[in-house]
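Colleague: If you scroll down you'll find the structure; I have some questions about it.
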Amino acid sequence: MSGYPEVVGRIDHVEPVPRRIRATLGGRVVLDTLDAKYLWEFPPYPQYYVPLADVADGVLVDTGETEQHDRGKARVHTAGKGQARVYDDGVAAGLVRFDWDAMDSWFEEEEEVFVHPRDPYSRCDAIRSSRSVKVERDGLVLAESSSTVIVFETGLPPRYYFPRLAVNFEHLTPSETRTACPYKGRTTGYWSVGKHPDLAWSYDFPTAALLPIAGLIAFFNERVDITIDGQAVPRPRTAFSGGIPPSDG
């Protein structure tokens, strides 16, 4: 048991997207649909599959290549800055799946979405806490507070966000790293500690749902030592244990 809820998702499971989905490329909207589908290629999160009719003319260029997937046969196209796959049969028949980075930006209704679609079965809640939390690394106290905001995100251990006055910045070195998260937005800062790169991060302008973490500092539980109310918390083992994936935790 991990101690926190795991992600629920079945590979190649399909569900309707009740939100308007748009994507931009070169300053114009090239995809606009009310009929997108969620399709889970991997358990942690779905991808958008959109009707071919809702893609602007000229965006897709057929390469003549095909791929066979469990979800159907796909014709490979170039699209924007990447590729797209058009499915002619199977559960994705009549739908197009774009590489996320092929487009300049993606939107759900009027709100930009980063990295990948938000999983409708996942939650990401920012809740204020009075528990006493201390973060250390190599014997150095990096942060300590009894007024944190805890982010509970499905599939990840709780993240503890500290007020800046509770963080010992003399031990932190700013980094050029920037990442993005579909639930929280784009980071505005990362910090390393000694030889340990990018242990902490911050969002100055998070998404509306995560506004309580604006300007606060969080640390990777996987790579620091955390004590809560005097009790040491074991370091969790996740994909973030050994380095920074494309999006933060």
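Labels for the structure tokens follow display order: chains A, B, ..., residues from 1 in each chain, ligands from 1.
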Would you kindly return, as an NGL selection string, each protein, DNA or RNA residue with an atom no farther than 7 Å from any atom of Gln47 of chain A, considering only C-alpha atoms and excluding same-chain residues fewer than 5 positions away?
Modeller: :A and (38-40 or 116-117)
Colleague: Save the residues we just selected, N, CA and C atoms, as a compact mmCIF listing (two decimals), in the first residue's frame?
Modeller:
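Below you can see selection.txt, which holds the result:
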# COMPACT_ATOMS: atom_id res chain seq x y z
N TYR A 38 -12.02 10.94 -24.24
CA TYR A 38 -10.86 10.55 -23.45
C TYR A 38 -10.52 9.10 -23.82
N LEU A 39 -9.24 8.83 -24.07
CA LEU A 39 -8.79 7.45 -24.26
C LEU A 39 -7.52 7.26 -23.45
N TRP A 40 -7.56 6.27 -22.55
CA TRP A 40 -6.43 6.02 -21.65
C TRP A 40 -5.40 5.13 -22.35
N HIS A 116 -0.83 17.25 -20.44
CA HIS A 116 -1.77 16.21 -20.88
C HIS A 116 -3.15 16.56 -20.34
N PRO A 117 -4.22 15.94 -20.86
CA PRO A 117 -5.56 16.23 -20.33
C PRO A 117 -5.67 15.87 -18.86
Colleague: Excluding Leu172 of chain A and residues on its chain fewer than 5 positions from it, collect all residues at most 9 Å away from it, counting only C-alpha atoms, and give them as JSON, numbers by chain.
Modeller: {"A": [142, 167, 191, 192, 193, 194, 199, 200]}
Colleague: Write out, as a Markdown table, each residue of segment 74-178 of chain A that has an atom at most 10 Å from segment 2-14 of chain A, together with the closest pair of atoms and their distance in Å to one decimal, counting only C-alpha atoms, rows going by chain and rising number.
Modeller:
| residue | atom | partner | partner_atom | distance |
| --- | --- | --- | --- | --- |
| A:Val91 | CA | A:Val14 | CA | 7.6 |
| A:Ala92 | CA | A:Val14 | CA | 8.4 |
| A:Asp119 | CA | A:Gly9 | CA | 8.9 |
| A:Pro120 | CA | A:Val8 | CA | 9.9 |
| A:Tyr121 | CA | A:Val8 | CA | 6.8 |
| A:Ser122 | CA | A:Val7 | CA | 6.9 |
| A:Arg123 | CA | A:Val7 | CA | 9.7 |
| A:Phe152 | CA | A:Tyr4 | CA | 8.6 |
| A:Glu153 | CA | A:Pro5 | CA | 8.4 |
| A:Thr154 | CA | A:Pro5 | CA | 5.7 |
| A:Gly155 | CA | A:Glu6 | CA | 4.3 |
| A:Leu156 | CA | A:Tyr4 | CA | 7.0 |
| A:Pro157 | CA | A:Tyr4 | CA | 6.1 |
| A:Pro158 | CA | A:Tyr4 | CA | 7.8 |
Colleague: Could you state the separation of atom CA of Glu15 of chain A and atom CA of Val151 of chain A in Å, given to one decimal place?
Modeller: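 Pair atom CA of Glu15 of chain A / atom CA of Val151 of chain A returns 26.7 Å.
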Colleague: Mind checking which residues fall within 8 Å of Asp70 of chain A, counting only C-alpha atoms, ignoring those fewer than 2 positions away in the same chain, and posting them as a PyMOL selection string?
Modeller: chain A and resi 12+68+72+90
Colleague: Using only C-alpha atoms, find the one residue out of A:Arg223, A:Ala36, A:Val55, A:Asp198 that sits nearest to Thr173 of chain A.
Modeller: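 Among the listed residues, A:Asp198 lies closest to Thr173 of chain A.
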Colleague: Quick one: distance from atom CA of Pro174 of chain A to atom CA of Phe219 of chain A in Å, one decimal?
Modeller: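 Distance between the two atoms: 13.6 Å.
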Colleague: Using only C-alpha atoms, which protein or nucleic acid residues come within 12 Å of segment 201-213 of chain A? Drop anything in the same chain fewer than 3 positions from it, and give the result as a VMD selection string.
Modeller: chain A and resid 111 to 114 123 to 129 147 to 153 159 to 164 167 172 to 193 197 to 198 216 to 220 244 247 to 249
Colleague: Mind pulling up the distance from atom CA of Gly80 of chain A to atom CA of Gly27 of chain A?
Modeller: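 So the two atoms, atom CA of Gly27 of chain A and atom CA of Gly80 of chain A, lie 11.8 Å apart.
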Colleague: Write out as a ChimeraX atom specification all residues of segment 43-95 of chain A that DSSP puts in helix (DSSP H, G or I) for this structure's backbone.
Modeller: /A:52-54,90-92
